[in-house]
Every structure is written in C-alpha cells, then in structure tokens.
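Take a look at the structure below.
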Amino acid sequence: MPPVPKTPTHSKVIIIGSGPAGHTAAVYLARANLNPVMFEGMMANGFAPGGQLTTTTDVENYPGFPEGIMGGEMMDKFREQSVRFGTEIHTGEEDNEEPTDTANSVIIATGASAKRMNLPGEDTYWQAGISACAVCDGAVPIFRNKPLAVVGGGDSAAEEAIYLTKYASHVYVLVRRDKLRASKVMAGRLSKHPKVTILYNTVPIECKGNGKLLESLELQDTVSKETRPLNVNGLFYAIGHVPATSLFKGQLNLDEDGYIKTIPGSTETNLPGVFAAGDVQDKKYRQAVTSAGTGCMAALDSERWLEEHFPEQH
C-alpha cells in the first residue's frame with residue numbers, strides 16, 4: 001500500500017541545505033523565534049547531510065577546536081545545535097516526490113562540489129592522499145615534507161600549489177595543455193618558485209598506494225601518450241567546482257559558472273525574500289568558516305525582510 005502523502009505546510013522561513021551556512025542560518029533564525037524549517041538531502045550532490053565536510057577528515061582551521069575535529073563530527077555538532085534551538089529538519093532523497101511546502105522567505109545553502117577526475121584508485125585514496133582543497137588539508141601530517149601534485153592550469157591551481165610549498169618537500173603542477181591558463185602574475189610566481197615543477201602536457205591516469213595512503217601517480221603525456229610514474233604522497237584537484245544550482249536555473253540570476261548572484265554586501269538574490277549563503281554563491285573562498293559567516297548574514301537579512309513584509313507574524 002503506497003504511503004499517505006504528507007500535507008503541504010507553510011513556514012516563516014525555509015532553509016535548503018545542511019552545511020555550515022545552512023545550520024548557522026538555522027541557529028540564528030531559531031533563536032529569533034522564527035521556527036525555521038530545514039531541508040537536508042540524503043546524498044544530494046553526492047554528499048550525506050552536512051555537505052562537503054562530511055567527506056573531510058581532520059578540520060584544523062575552524063575556530064574553537066584547538067585540537068582539530070573530524071569533519072563529520074563537526075557537522076553533527078552543527079546539527080545538534082540547530083535542533084536544540086528548535087529547527088525542524090526534514091531529510092529528503094532524490095527522486096522521492098514530496099508535497100510543495102511554502103514559506104515567506106527562503107535561504108538557499110545547497111553548496112558546491114569539487115570536480116573530480118574519477119581516476120582508478122581515486123575512491124580508495126580520497127582523503128587518504130587525494131583532496132580538492134589545499135587550504136583545508138595541506139597542513140595535515142600525511143602531506144608534511146612530502147612531494148605533492150596539483151592538477152590544473154588556472155589561477156586556483158597556481159594558488160593551491162604555492163600554498164602547498166609551505167608544507168611540501170616539492171610540488172608538481174600537472175597541466176593538460178602546453179601552457180598555463182593562470183594570469184601572468186600567478187604564472188610567473190609559480191614558474192619561478194624553487195619548490196615547484198610544472199609538467200606540461202601531462203595528466204594523471206591512475207592513483208596508486210599501499211591500500212591506505214597514496215604513494216604514486218601514473219602520468220600520461222597528452223601528446224606522445226607515453227606513461228611514467230611519479231612518486232607523490234598527495235594529489236590536489238584544482239579543476240573547478242560545480243555549484244548545486246540546477247534546481248534554480250531560470251528562477252534566480254546565476255553567473256557564468258552557475259553560482260547564485262547576490263547583491264554585493266548582502267545575501268539577497270534577484271527574488272525578494274530569497275537569500276543565498278555558503279559555497280552556492282561563493283566561488284572565491286569556499287571555507288567552512290566563511291560559509292558559516294554568510295549563513296549568519298542570510299539569517300539576519302531574512303529576519304529583517306520578514307519584519308518589513310510580515311510584521312504581524314514577527
């Protein structure tokens with residue numbers, strides 16, 4: 001017998017997404033007695049509820065955790081705090097039909113995901129030598145004083161490679177083409193760095209290790225097709241991110257890369273009462289702490305908007 005469909009509900013404010021931005025917004029809104037409702041996805045965008053941090057091991061750069069904390073554990077704490085103050089959380093799965101709930105205001109915090117290459121061995125060594133965030137993971141012990149590799153040829157790859165030189169014994173930059181796409185300033189800084197070697201016309205085709213940690217890459221020359229090994233203990237992807245905004249195309253203003261456009265200095269979108277926070281609107285910083293900060297901004301923006309447009313409910 002099919003399940004009885006849930007009755008649609010109306011809320012003062014709905015939050016879509018359960019990463020640092022979404023939960024920070026929820027805490028602020030709940031403490032303002034706005035009874036926020038959060039929708040978290042089960043494996044939405046490829047992640048468990050909690051977003052990208054659920055795939056991260058040690059988080060050592062979030063304030064308040066001097067000894068570091070596991071990414072999944074930190075998101076559990078975020079969730080506990082949201083629930084403690086009265087946030088109502090609904091967990092949904094893709095392809096499951098749900099009734100259309102409505103709200104006076106909506107905060108979008110659906111996040112983004114790093115592009116991956118899906119190489120043989122990648123799943124085995126993800127977060128065990130392979131990462132998509134040098135700033136997040138570069139300082140962890142498995143990478144210190146070890147040879148590392150960065151994939152990409154743009155400014156992000158150059159920035160990540162230079163950042164990693166603080167910790168690595170050497171950094172190899174793997175560039176698919178015969179030149180960098182990075183700006184002249186970044187390209188010059190990268191090519192002159194004594195701890196960096198740029199390998200042009202080169203791509204990784206396999207990740208190898210001892211079953212627990214990454215130990216080497218199999219490289220291929222994109223011109224000659226010849227292959228060779230490269231002994232490295234870390235591989236960092238810097239080939240871009242994909243914001244989870246396909247749901248909003250045609251409704252919200254998106255930039256050329258699909259990120260939600262917000263009015264500078266705020267989290268307001270082109271739709272009144274709709275706000276965006278976290279990586280879904282931030283292509284520059286993409287850190288847990290900056291996501292939490294914009295989550296706070298979105299909550300305050302939403303609260304003020306509700307006060308102005310629905311004063312009787314406040």
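Quick note on naming: the chains in the structure tokens go A, B, ... in the order shown, residues restart at 1 in each chain, and ligands are numbered from 1 in order of appearance.
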
| query | Near Ala25 of chain A, within 6 Å and counting only C-alpha atoms, which residues show up once chain neighbours fewer than 2 positions away are dropped, as a list in words? | reply |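 The residues satisfying every condition are Gly22, His23, Val27, Tyr28, Gly295, Cys296 and Ala299 of chain A.
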
| Out of segment 153-301 of chain A, which residues get strand (DSSP E or B) from DSSP, as a VMD selection string? | chain A and resid 170 to 174 196 to 199 202 to 209 214 to 221 227 to 231 234 to 237 241 to 243 254 260 268 274 to 276

| field | All residues 9 Å or closer to segment 190-196 of chain A, only C-alpha atoms, same chain fewer than 2 positions away omitted, as a list in words | value | Ala158, Glu159, Ala161, Ile162, Thr165, Ala168, Ser169, His170, Val171, Tyr172, Val173, Val185, Met186, Ala187, Gly188 and Ile198 of chain A

| task | For segment 207-210 of chain A, list every protein, DNA or RNA residue within 8 Å, evaluated using only C-alpha atoms, and leave out those in the same chain fewer than 6 positions away; present the list as a list in words. | result | Leu119, Pro120, Gly121, Glu122, Tyr125, Ser216, Leu217 and Glu218 of chain A

Could you take the residues named above and write them with C-alpha atoms, as an mmCIF file, in the first residue's frame?
```cif
data_model
loop_
_atom_site.group_PDB
_atom_site.id
_atom_site.type_symbol
_atom_site.label_atom_id
_atom_site.label_comp_id
_atom_site.auth_asym_id
_atom_site.auth_seq_id
_atom_site.Cartn_x
_atom_site.Cartn_y
_atom_site.Cartn_z
ATOM 1 C CA LEU A 119 40.687 8.016 -11.794
ATOM 2 C CA PRO A 120 41.369 4.383 -10.978
ATOM 3 C CA GLY A 121 42.290 4.330 -7.284
ATOM 4 C CA GLU A 122 40.666 7.701 -6.571
ATOM 5 C CA TYR A 125 42.729 7.281 -1.645
ATOM 6 C CA SER A 216 52.398 7.494 -6.508
ATOM 7 C CA LEU A 217 50.626 8.541 -9.700
ATOM 8 C CA GLU A 218 50.761 7.118 -13.166
#
```

| query | Between A:Thr87, A:Thr269, A:Thr197, A:Asn61, which has the minimum distance to Ala139 of chain A (counting only C-alpha atoms)? | reply | A:Asn61

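In terms of minimum interatomic distance to Tyr62 of chain A, A:Thr290 ranks closest within A:His309, A:Phe236, A:Thr202, A:Thr290, counting only C-alpha atoms.
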
| said: Using DSSP assignments from the backbone, pull out every residue in segment 46-273 of chain A that falls under helix (DSSP H, G or I) and give it to me as a VMD selection string. | reply: chain A and resid 51 to 55 71 to 84 122 to 125 134 to 137 141 to 143 155 to 164 184 to 192 246 to 248

| atom CA of Gly111 of chain A and atom CA of Asp279 of chain A, how far apart in Å? |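 Straight-line distance from atom CA of Asp279 of chain A to atom CA of Gly111 of chain A works out to 4.6 Å.
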